[in-house]
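Read the structure below first, then the notes.
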Amino acid sequence: MSRPTGVRVPASTSNLGPGFDALSLALAIYLTVEVEVSDSTDRSRVVAHGIDSDKMPDGGDNLILRVMDAVAKRRGRRIEPVFLKVQNEIPLARGLGSSSTAILAGISCYEIVAGDSLSESEIFDHAMEFEPHPDNLAAGLLGGLTVSAVSDGGKAMSSSLKVSDGITPVLVIPDFELSTEKARDVLPEGYSRRDAVFNIQRAPLMVAALTLGNWQMLSEAMRDRIHQPYRAGLIPGFEAVLKMETDGLAGIALSGAGPTVLAFAAPEAAASVGDQIVEVFGRSGVRASARVSKIDTEGRCFLPN
């Protein structure tokens, strides 16, 4: 089998309301990286195109290269300098798993250059050195709806499930960045039993709704008391968005740490739902854009030679 020429990794939306650090969904929005071993330079470099490409370092500070080099060092391998051609469709720092896609791309580029195929467990071990929670990583690697947990020993356990046909993800992306660190800093150290039970009930309800196609459950299943109430103050207009009711809207939640909002809508109403969420954000002075997406079912895939 010939060596792959690159890798494609999907974006992801995590939490899905109540599934904090546990639930994630892969989206048909991609980071694509083409790899060439460079024999004409002593350092690796990156040329990036697409969304937020101007924010991506072209040298050793690039996250893809940092991950690639770290994996090689940990596995005792020496790899040649590379030239990476990056095509990005994923807005950075918007709650769409951009860092996870870069981490997985870096591991994949190592595999390509070193000729070293890693197991799923090994991929998670390396990836979680850069990102300690596995939800977005799982969706990017496996595709579909993923459920994840971390064992007492620090090992990721994840599984991918198929989402039933008949629902469409709608992403509304505000025109500002929100770092995961800042969004985590506002969360409390502890929660009441009442709030914990509230989320425990709704997380499996969310999985059931998406896998069985019970869209009537989604509005209730996507409610949350663990992270959204605390992050709302960082995102003007979000509380009003959560209260929206309109034809074709099945459920709505913050995408990851935000500020992007994820809505599930009937396919025929998806564009209209997105436009209405943009309008609600606009009333709070927040510029935003809507994007109707599909669910990615493949996860990470290597580009053939």
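Chain lettering (A, B, ...) mirrors the order of the structure tokens, residue numbering begins at 1 for each chain separately, and ligand numbering begins at 1 in order of display.
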Output as a PyMOL selection string all residues of region 17-69 of chain A that backbone DSSP marks as strand (DSSP E or B). chain A and resi 23-37+45-50
Among region 61-241 of chain A, which residues carry a DSSP assignment of helix (DSSP H, G or I), reported as an mmCIF file with C-alpha atoms, in the first residue's frame?
```cif
data_model
loop_
_atom_site.group_PDB
_atom_site.id
_atom_site.type_symbol
_atom_site.label_atom_id
_atom_site.label_comp_id
_atom_site.auth_asym_id
_atom_site.auth_seq_id
_atom_site.Cartn_x
_atom_site.Cartn_y
_atom_site.Cartn_z
ATOM 1 C CA LEU A 63 0.374 23.363 16.488
ATOM 2 C CA ILE A 64 0.399 20.705 13.769
ATOM 3 C CA LEU A 65 4.197 20.767 13.640
ATOM 4 C CA ARG A 66 4.543 20.884 17.437
ATOM 5 C CA VAL A 67 2.377 17.777 17.803
ATOM 6 C CA MET A 68 4.172 15.998 14.986
ATOM 7 C CA ASP A 69 7.579 16.642 16.546
ATOM 8 C CA ALA A 70 6.395 15.739 20.070
ATOM 9 C CA VAL A 71 5.016 12.381 18.925
ATOM 10 C CA ALA A 72 8.232 11.594 17.055
ATOM 11 C CA LYS A 73 10.330 12.441 20.119
ATOM 12 C CA ARG A 74 8.161 10.355 22.443
ATOM 13 C CA SER A 98 -10.137 23.648 15.762
ATOM 14 C CA SER A 99 -7.371 22.702 18.203
ATOM 15 C CA SER A 100 -8.456 19.052 18.200
ATOM 16 C CA THR A 101 -8.355 18.915 14.406
ATOM 17 C CA ALA A 102 -4.840 20.375 14.416
ATOM 18 C CA ILE A 103 -3.694 17.879 17.062
ATOM 19 C CA LEU A 104 -5.091 14.932 15.118
ATOM 20 C CA ALA A 105 -3.583 16.324 11.916
ATOM 21 C CA GLY A 106 -0.187 16.550 13.609
ATOM 22 C CA ILE A 107 -0.351 12.940 14.798
ATOM 23 C CA SER A 108 -1.463 11.847 11.340
ATOM 24 C CA CYS A 109 1.369 13.741 9.641
ATOM 25 C CA TYR A 110 3.805 11.961 11.951
ATOM 26 C CA GLU A 111 2.299 8.609 10.921
ATOM 27 C CA ILE A 112 2.666 9.504 7.244
ATOM 28 C CA VAL A 113 6.269 10.722 7.442
ATOM 29 C CA ALA A 114 7.502 8.067 9.880
ATOM 30 C CA GLU A 120 -6.641 4.327 18.429
ATOM 31 C CA SER A 121 -5.446 4.091 22.023
ATOM 32 C CA GLU A 122 -2.001 5.420 21.101
ATOM 33 C CA ILE A 123 -3.542 8.303 19.162
ATOM 34 C CA PHE A 124 -5.610 9.331 22.184
ATOM 35 C CA ASP A 125 -2.603 9.014 24.496
ATOM 36 C CA HIS A 126 -0.561 11.397 22.357
ATOM 37 C CA ALA A 127 -3.458 13.756 21.641
ATOM 38 C CA ASP A 135 -14.756 14.696 23.338
ATOM 39 C CA ASN A 136 -13.710 16.766 20.310
ATOM 40 C CA LEU A 137 -10.775 14.440 19.681
ATOM 41 C CA ALA A 138 -13.134 11.458 19.536
ATOM 42 C CA ALA A 139 -15.442 13.104 17.018
ATOM 43 C CA GLY A 140 -12.540 14.214 14.849
ATOM 44 C CA LEU A 141 -10.983 10.757 14.889
ATOM 45 C CA LEU A 142 -14.075 8.543 14.679
ATOM 46 C CA THR A 180 -11.490 27.523 25.909
ATOM 47 C CA GLU A 181 -9.378 28.572 28.888
ATOM 48 C CA LYS A 182 -11.431 31.718 29.460
ATOM 49 C CA ALA A 183 -14.690 29.780 29.062
ATOM 50 C CA ARG A 184 -13.521 27.177 31.602
ATOM 51 C CA ASP A 185 -12.361 29.791 34.087
ATOM 52 C CA ARG A 193 -26.897 17.480 43.421
ATOM 53 C CA ARG A 194 -30.026 18.877 41.788
ATOM 54 C CA ASP A 195 -28.049 20.359 38.877
ATOM 55 C CA ALA A 196 -25.894 17.252 38.521
ATOM 56 C CA VAL A 197 -28.957 15.015 38.316
ATOM 57 C CA PHE A 198 -30.562 17.425 35.836
ATOM 58 C CA ASN A 199 -27.665 16.923 33.415
ATOM 59 C CA ILE A 200 -27.261 13.216 34.095
ATOM 60 C CA GLN A 201 -30.881 12.710 33.049
ATOM 61 C CA ARG A 202 -30.574 14.727 29.857
ATOM 62 C CA ALA A 203 -27.251 13.461 28.509
ATOM 63 C CA PRO A 204 -28.538 9.928 27.764
ATOM 64 C CA LEU A 205 -31.809 11.447 26.583
ATOM 65 C CA MET A 206 -29.749 13.400 24.056
ATOM 66 C CA VAL A 207 -28.069 10.242 22.800
ATOM 67 C CA ALA A 208 -31.418 8.462 22.504
ATOM 68 C CA ALA A 209 -33.007 11.368 20.631
ATOM 69 C CA LEU A 210 -30.228 11.587 18.058
ATOM 70 C CA THR A 211 -29.753 7.872 17.464
ATOM 71 C CA LEU A 212 -33.462 6.957 17.425
ATOM 72 C CA TRP A 215 -36.657 14.920 17.506
ATOM 73 C CA GLN A 216 -39.425 15.903 19.929
ATOM 74 C CA MET A 217 -37.001 15.098 22.762
ATOM 75 C CA LEU A 218 -34.251 17.416 21.587
ATOM 76 C CA SER A 219 -35.498 20.679 23.029
ATOM 77 C CA GLU A 220 -35.569 19.236 26.548
ATOM 78 C CA ALA A 221 -32.552 16.970 26.050
ATOM 79 C CA GLN A 228 -24.123 27.259 29.699
ATOM 80 C CA PRO A 229 -25.539 29.412 32.543
ATOM 81 C CA TYR A 230 -21.996 30.400 33.546
ATOM 82 C CA ARG A 231 -20.732 31.063 30.021
ATOM 83 C CA ALA A 232 -23.748 33.080 28.939
ATOM 84 C CA GLY A 233 -22.205 36.257 30.343
ATOM 85 C CA LEU A 234 -19.300 35.899 27.909
ATOM 86 C CA PHE A 238 -26.878 33.924 23.950
ATOM 87 C CA GLU A 239 -29.581 33.845 26.631
ATOM 88 C CA ALA A 240 -32.073 35.264 24.137
ATOM 89 C CA VAL A 241 -30.995 32.682 21.559
#
```
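Atom to atom, CA of Lys294 (chain A) and CA of Asp224 (chain A) stand 23.9 Å apart.
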Any idea what's packed within 6 Å of region 165-179 of chain A, counting only C-alpha atoms, ignoring anything in its chain fewer than 6 positions away? Could you give it as a tab-separated table (two decimals) with N, CA and C atoms, in the first residue's frame?
```
chain	number	residue	atom	x	y	z
A	93	ALA	N	-10.93	29.19	17.57
A	93	ALA	CA	-11.41	29.68	18.86
A	93	ALA	C	-12.88	30.07	18.83
A	94	ARG	N	-13.68	29.23	18.19
A	94	ARG	CA	-15.12	29.49	18.10
A	94	ARG	C	-15.96	28.36	18.66
A	260	THR	N	-19.80	29.93	19.28
A	260	THR	CA	-20.72	29.39	18.27
A	260	THR	C	-21.90	28.70	18.93
A	261	VAL	N	-23.05	28.83	18.29
A	261	VAL	CA	-24.27	28.17	18.73
A	261	VAL	C	-24.59	27.03	17.77
A	262	LEU	N	-24.98	25.91	18.32
A	262	LEU	CA	-25.43	24.76	17.54
A	262	LEU	C	-26.94	24.65	17.66
A	263	ALA	N	-27.60	24.56	16.53
A	263	ALA	CA	-29.03	24.26	16.52
A	263	ALA	C	-29.27	23.01	15.69
A	264	PHE	N	-30.26	22.23	16.07
A	264	PHE	CA	-30.73	21.14	15.23
A	264	PHE	C	-32.07	21.55	14.64
A	265	ALA	N	-32.20	21.38	13.34
A	265	ALA	CA	-33.41	21.85	12.66
A	265	ALA	C	-33.87	20.83	11.63
A	266	ALA	N	-35.15	20.90	11.30
A	266	ALA	CA	-35.65	20.12	10.17
A	266	ALA	C	-34.91	20.59	8.92
A	267	PRO	N	-34.53	19.67	8.03
A	267	PRO	CA	-33.73	20.06	6.86
A	267	PRO	C	-34.31	21.22	6.06
A	287	ARG	N	-22.37	40.63	15.64
A	287	ARG	CA	-22.40	40.18	14.25
A	287	ARG	C	-22.14	38.68	14.22
A	288	ALA	N	-22.88	37.97	13.41
A	288	ALA	CA	-22.73	36.51	13.34
A	288	ALA	C	-23.08	36.05	11.93
A	289	SER	N	-22.63	34.85	11.60
A	289	SER	CA	-22.97	34.25	10.32
A	289	SER	C	-23.47	32.83	10.56
A	290	ALA	N	-24.38	32.39	9.71
A	290	ALA	CA	-24.97	31.06	9.85
A	290	ALA	C	-24.41	30.11	8.80
A	291	ARG	N	-24.26	28.88	9.19
A	291	ARG	CA	-23.79	27.85	8.27
A	291	ARG	C	-24.56	26.56	8.51
A	292	VAL	N	-25.21	26.08	7.47
A	292	VAL	CA	-25.88	24.78	7.54
A	292	VAL	C	-24.85	23.70	7.22
A	293	SER	N	-24.75	22.71	8.08
A	293	SER	CA	-23.73	21.68	7.90
A	293	SER	C	-24.37	20.31	7.73
```
Determine, counting only C-alpha atoms, which protein, DNA and RNA residues have an atom within 12 Å of an atom of Glu36 (chain A); residues of the same chain fewer than 4 positions away are not included. Present the result as an mmCIF file with all heavy atoms, in the first residue's frame.
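Wrote it out as result.cif, contents follow:
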```cif
data_model
loop_
_atom_site.group_PDB
_atom_site.id
_atom_site.type_symbol
_atom_site.label_atom_id
_atom_site.label_comp_id
_atom_site.auth_asym_id
_atom_site.auth_seq_id
_atom_site.Cartn_x
_atom_site.Cartn_y
_atom_site.Cartn_z
ATOM 1 N N ARG A 3 2.110 5.161 0.465
ATOM 2 C CA ARG A 3 2.010 6.070 1.596
ATOM 3 C C ARG A 3 1.013 7.186 1.285
ATOM 4 O O ARG A 3 1.023 7.748 0.187
ATOM 5 C CB ARG A 3 3.380 6.653 1.893
ATOM 6 C CG ARG A 3 3.422 7.586 3.086
ATOM 7 C CD ARG A 3 4.830 8.024 3.389
ATOM 8 N NE ARG A 3 5.661 6.900 3.797
ATOM 9 C CZ ARG A 3 6.917 7.024 4.225
ATOM 10 N NH1 ARG A 3 7.491 8.206 4.279
ATOM 11 N NH2 ARG A 3 7.601 5.956 4.590
ATOM 12 N N PRO A 4 0.140 7.545 2.242
ATOM 13 C CA PRO A 4 -0.803 8.645 2.016
ATOM 14 C C PRO A 4 -0.070 9.960 1.770
ATOM 15 O O PRO A 4 1.086 10.134 2.179
ATOM 16 C CB PRO A 4 -1.605 8.703 3.316
ATOM 17 C CG PRO A 4 -1.387 7.387 3.978
ATOM 18 C CD PRO A 4 -0.027 6.935 3.563
ATOM 19 N N THR A 5 -0.757 10.891 1.115
ATOM 20 C CA THR A 5 -0.164 12.197 0.825
ATOM 21 C C THR A 5 -0.615 13.269 1.811
ATOM 22 O O THR A 5 -0.115 14.392 1.781
ATOM 23 C CB THR A 5 -0.538 12.654 -0.587
ATOM 24 O OG1 THR A 5 -1.978 12.739 -0.691
ATOM 25 C CG2 THR A 5 -0.024 11.672 -1.618
ATOM 26 N N GLY A 6 -1.574 12.947 2.659
ATOM 27 C CA GLY A 6 -2.077 13.935 3.603
ATOM 28 C C GLY A 6 -3.223 13.378 4.414
ATOM 29 O O GLY A 6 -3.483 12.168 4.413
ATOM 30 N N VAL A 7 -3.930 14.275 5.082
ATOM 31 C CA VAL A 7 -5.002 13.862 5.975
ATOM 32 C C VAL A 7 -6.101 14.913 5.989
ATOM 33 O O VAL A 7 -5.848 16.112 5.786
ATOM 34 C CB VAL A 7 -4.455 13.632 7.401
ATOM 35 C CG1 VAL A 7 -3.962 14.949 8.019
ATOM 36 C CG2 VAL A 7 -5.476 12.965 8.301
ATOM 37 N N SER A 40 15.182 20.060 0.896
ATOM 38 C CA SER A 40 15.880 21.278 0.504
ATOM 39 C C SER A 40 15.968 22.302 1.626
ATOM 40 O O SER A 40 16.388 23.429 1.414
ATOM 41 C CB SER A 40 15.165 21.918 -0.699
ATOM 42 O OG SER A 40 13.834 22.256 -0.352
ATOM 43 N N THR A 41 15.535 21.914 2.823
ATOM 44 C CA THR A 41 15.549 22.850 3.948
ATOM 45 C C THR A 41 15.813 22.098 5.242
ATOM 46 O O THR A 41 15.581 20.889 5.327
ATOM 47 C CB THR A 41 14.205 23.610 4.050
ATOM 48 O OG1 THR A 41 14.259 24.518 5.154
ATOM 49 C CG2 THR A 41 13.048 22.639 4.262
ATOM 50 N N SER A 44 10.986 22.584 9.096
ATOM 51 C CA SER A 44 9.654 22.384 8.531
ATOM 52 C C SER A 44 8.943 23.719 8.378
ATOM 53 O O SER A 44 9.209 24.667 9.124
ATOM 54 C CB SER A 44 8.835 21.469 9.448
ATOM 55 O OG SER A 44 9.404 20.176 9.508
ATOM 56 N N ARG A 45 8.035 23.785 7.436
ATOM 57 C CA ARG A 45 7.262 25.010 7.262
ATOM 58 C C ARG A 45 5.849 24.687 6.815
ATOM 59 O O ARG A 45 5.562 23.590 6.310
ATOM 60 C CB ARG A 45 7.942 25.973 6.291
ATOM 61 C CG ARG A 45 8.081 25.470 4.868
ATOM 62 C CD ARG A 45 8.963 26.400 4.054
ATOM 63 N NE ARG A 45 9.036 25.988 2.655
ATOM 64 C CZ ARG A 45 8.280 26.500 1.686
ATOM 65 N NH1 ARG A 45 7.394 27.439 1.981
ATOM 66 N NH2 ARG A 45 8.394 26.074 0.449
ATOM 67 N N VAL A 46 4.982 25.666 7.013
ATOM 68 C CA VAL A 46 3.555 25.505 6.734
ATOM 69 C C VAL A 46 3.096 26.651 5.847
ATOM 70 O O VAL A 46 3.437 27.817 6.091
ATOM 71 C CB VAL A 46 2.733 25.520 8.043
ATOM 72 C CG1 VAL A 46 1.234 25.417 7.748
ATOM 73 C CG2 VAL A 46 3.175 24.393 8.962
ATOM 74 N N VAL A 47 2.328 26.323 4.827
ATOM 75 C CA VAL A 47 1.620 27.333 4.044
ATOM 76 C C VAL A 47 0.132 27.063 4.208
ATOM 77 O O VAL A 47 -0.343 25.963 3.895
ATOM 78 C CB VAL A 47 2.014 27.293 2.558
ATOM 79 C CG1 VAL A 47 1.130 28.246 1.748
ATOM 80 C CG2 VAL A 47 3.481 27.659 2.379
ATOM 81 N N ILE A 79 12.391 12.300 12.301
ATOM 82 C CA ILE A 79 11.671 12.526 11.049
ATOM 83 C C ILE A 79 12.285 13.711 10.314
ATOM 84 O O ILE A 79 12.827 14.634 10.920
ATOM 85 C CB ILE A 79 10.164 12.762 11.287
ATOM 86 C CG1 ILE A 79 9.929 13.910 12.261
ATOM 87 C CG2 ILE A 79 9.500 11.481 11.789
ATOM 88 C CD1 ILE A 79 8.454 14.243 12.443
ATOM 89 N N GLU A 80 12.181 13.662 9.003
ATOM 90 C CA GLU A 80 12.747 14.711 8.162
ATOM 91 C C GLU A 80 11.867 15.967 8.224
ATOM 92 O O GLU A 80 10.673 15.901 8.529
ATOM 93 C CB GLU A 80 12.828 14.224 6.715
ATOM 94 C CG GLU A 80 13.717 13.015 6.516
ATOM 95 C CD GLU A 80 15.153 13.289 6.910
ATOM 96 O OE1 GLU A 80 15.651 14.400 6.623
ATOM 97 O OE2 GLU A 80 15.780 12.403 7.530
ATOM 98 N N PRO A 81 12.462 17.128 7.933
ATOM 99 C CA PRO A 81 11.641 18.344 7.818
ATOM 100 C C PRO A 81 10.556 18.154 6.760
ATOM 101 O O PRO A 81 10.751 17.418 5.781
ATOM 102 C CB PRO A 81 12.652 19.415 7.386
ATOM 103 C CG PRO A 81 13.963 18.907 7.859
ATOM 104 C CD PRO A 81 13.893 17.409 7.731
ATOM 105 N N VAL A 82 9.428 18.812 6.962
ATOM 106 C CA VAL A 82 8.298 18.644 6.053
ATOM 107 C C VAL A 82 7.781 19.996 5.585
ATOM 108 O O VAL A 82 7.978 21.024 6.237
ATOM 109 C CB VAL A 82 7.137 17.865 6.716
ATOM 110 C CG1 VAL A 82 7.537 16.439 7.024
ATOM 111 C CG2 VAL A 82 6.644 18.584 7.963
ATOM 112 N N PHE A 83 7.113 19.953 4.469
ATOM 113 C CA PHE A 83 6.356 21.090 3.961
ATOM 114 C C PHE A 83 4.887 20.709 4.032
ATOM 115 O O PHE A 83 4.466 19.701 3.466
ATOM 116 C CB PHE A 83 6.761 21.404 2.517
ATOM 117 C CG PHE A 83 5.868 22.411 1.844
ATOM 118 C CD1 PHE A 83 5.793 23.722 2.298
ATOM 119 C CD2 PHE A 83 5.089 22.045 0.757
ATOM 120 C CE1 PHE A 83 4.980 24.647 1.676
ATOM 121 C CE2 PHE A 83 4.266 22.957 0.123
ATOM 122 C CZ PHE A 83 4.207 24.266 0.587
ATOM 123 N N LEU A 84 4.095 21.489 4.788
ATOM 124 C CA LEU A 84 2.670 21.206 4.943
ATOM 125 C C LEU A 84 1.848 22.255 4.217
ATOM 126 O O LEU A 84 2.026 23.458 4.432
ATOM 127 C CB LEU A 84 2.283 21.206 6.432
ATOM 128 C CG LEU A 84 3.018 20.241 7.359
ATOM 129 C CD1 LEU A 84 2.447 20.344 8.768
ATOM 130 C CD2 LEU A 84 2.927 18.807 6.844
ATOM 131 N N LYS A 85 0.947 21.801 3.381
ATOM 132 C CA LYS A 85 -0.004 22.686 2.709
ATOM 133 C C LYS A 85 -1.359 22.501 3.395
ATOM 134 O O LYS A 85 -1.963 21.430 3.319
ATOM 135 C CB LYS A 85 -0.102 22.351 1.230
ATOM 136 C CG LYS A 85 -1.022 23.290 0.457
ATOM 137 C CD LYS A 85 -1.044 22.937 -1.021
ATOM 138 C CE LYS A 85 -1.992 23.857 -1.790
ATOM 139 N NZ LYS A 85 -2.046 23.485 -3.231
ATOM 140 N N VAL A 86 -1.816 23.530 4.085
ATOM 141 C CA VAL A 86 -3.014 23.456 4.913
ATOM 142 C C VAL A 86 -4.166 24.189 4.241
ATOM 143 O O VAL A 86 -4.012 25.335 3.798
ATOM 144 C CB VAL A 86 -2.746 24.071 6.308
ATOM 145 C CG1 VAL A 86 -4.030 24.130 7.131
ATOM 146 C CG2 VAL A 86 -1.677 23.274 7.034
ATOM 147 N N CYS A 109 0.192 13.389 10.450
ATOM 148 C CA CYS A 109 1.369 13.741 9.641
ATOM 149 C C CYS A 109 2.598 12.968 10.123
ATOM 150 O O CYS A 109 3.427 12.521 9.316
ATOM 151 C CB CYS A 109 1.622 15.244 9.698
ATOM 152 S SG CYS A 109 0.391 16.223 8.801
ATOM 153 N N TYR A 110 2.726 12.801 11.433
ATOM 154 C CA TYR A 110 3.805 11.961 11.951
ATOM 155 C C TYR A 110 3.688 10.553 11.381
ATOM 156 O O TYR A 110 4.687 9.963 10.918
ATOM 157 C CB TYR A 110 3.776 11.900 13.475
ATOM 158 C CG TYR A 110 4.546 10.717 13.991
ATOM 159 C CD1 TYR A 110 5.942 10.757 14.070
ATOM 160 C CD2 TYR A 110 3.889 9.534 14.337
ATOM 161 C CE1 TYR A 110 6.662 9.647 14.474
ATOM 162 C CE2 TYR A 110 4.609 8.417 14.748
ATOM 163 C CZ TYR A 110 5.988 8.475 14.812
ATOM 164 O OH TYR A 110 6.706 7.373 15.199
ATOM 165 N N ILE A 112 2.346 9.525 8.672
ATOM 166 C CA ILE A 112 2.666 9.504 7.244
ATOM 167 C C ILE A 112 4.172 9.551 7.023
ATOM 168 O O ILE A 112 4.742 8.743 6.276
ATOM 169 C CB ILE A 112 1.968 10.684 6.539
ATOM 170 C CG1 ILE A 112 0.448 10.498 6.541
ATOM 171 C CG2 ILE A 112 2.481 10.834 5.104
ATOM 172 C CD1 ILE A 112 -0.324 11.731 6.099
ATOM 173 N N VAL A 113 4.841 10.505 7.680
ATOM 174 C CA VAL A 113 6.269 10.722 7.442
ATOM 175 C C VAL A 113 7.107 9.588 8.031
ATOM 176 O O VAL A 113 8.079 9.130 7.422
ATOM 177 C CB VAL A 113 6.699 12.086 8.022
ATOM 178 C CG1 VAL A 113 8.203 12.276 7.905
ATOM 179 C CG2 VAL A 113 5.965 13.215 7.316
ATOM 180 N N ASN A 305 -2.494 8.387 -2.188
ATOM 181 C CA ASN A 305 -1.394 8.843 -3.048
ATOM 182 C C ASN A 305 -1.887 9.009 -4.478
ATOM 183 O O ASN A 305 -2.614 8.175 -4.974
ATOM 184 C CB ASN A 305 -0.254 7.816 -2.991
ATOM 185 C CG ASN A 305 1.046 8.404 -3.498
ATOM 186 O OD1 ASN A 305 1.031 9.143 -4.484
ATOM 187 N ND2 ASN A 305 2.143 8.059 -2.846
#
```
For Ile51 (chain A), which residue out of A:Leu23, A:Leu145, A:Glu89, A:Ala257 is the nearest one, using only C-alpha atoms? A:Glu89
CA of Val278 (chain A) sits from CA of Thr32 (chain A) at a separation of 28.0 Å
If I take CA of Val37 (chain A) and CA of Asn62 (chain A), how far is one from the other in Å, to one decimal?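 Answer for the CA of Val37 (chain A) to CA of Asn62 (chain A) separation: 16.7 Å.
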Considering only C-alpha atoms, state which residue in the set A:Gly213, A:Gly19, A:Pro236, A:Gly144 is at the smallest distance from Arg283 (chain A).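 Between A:Gly213, A:Gly19, A:Pro236, A:Gly144, the residue approaching Arg283 (chain A) most closely is A:Pro236.
The residue that comes closest to Pro259 (chain A), out of A:Ala11, A:Leu31, A:Ala271, A:Leu92 and on the basis of only C-alpha atoms, is A:Leu92.
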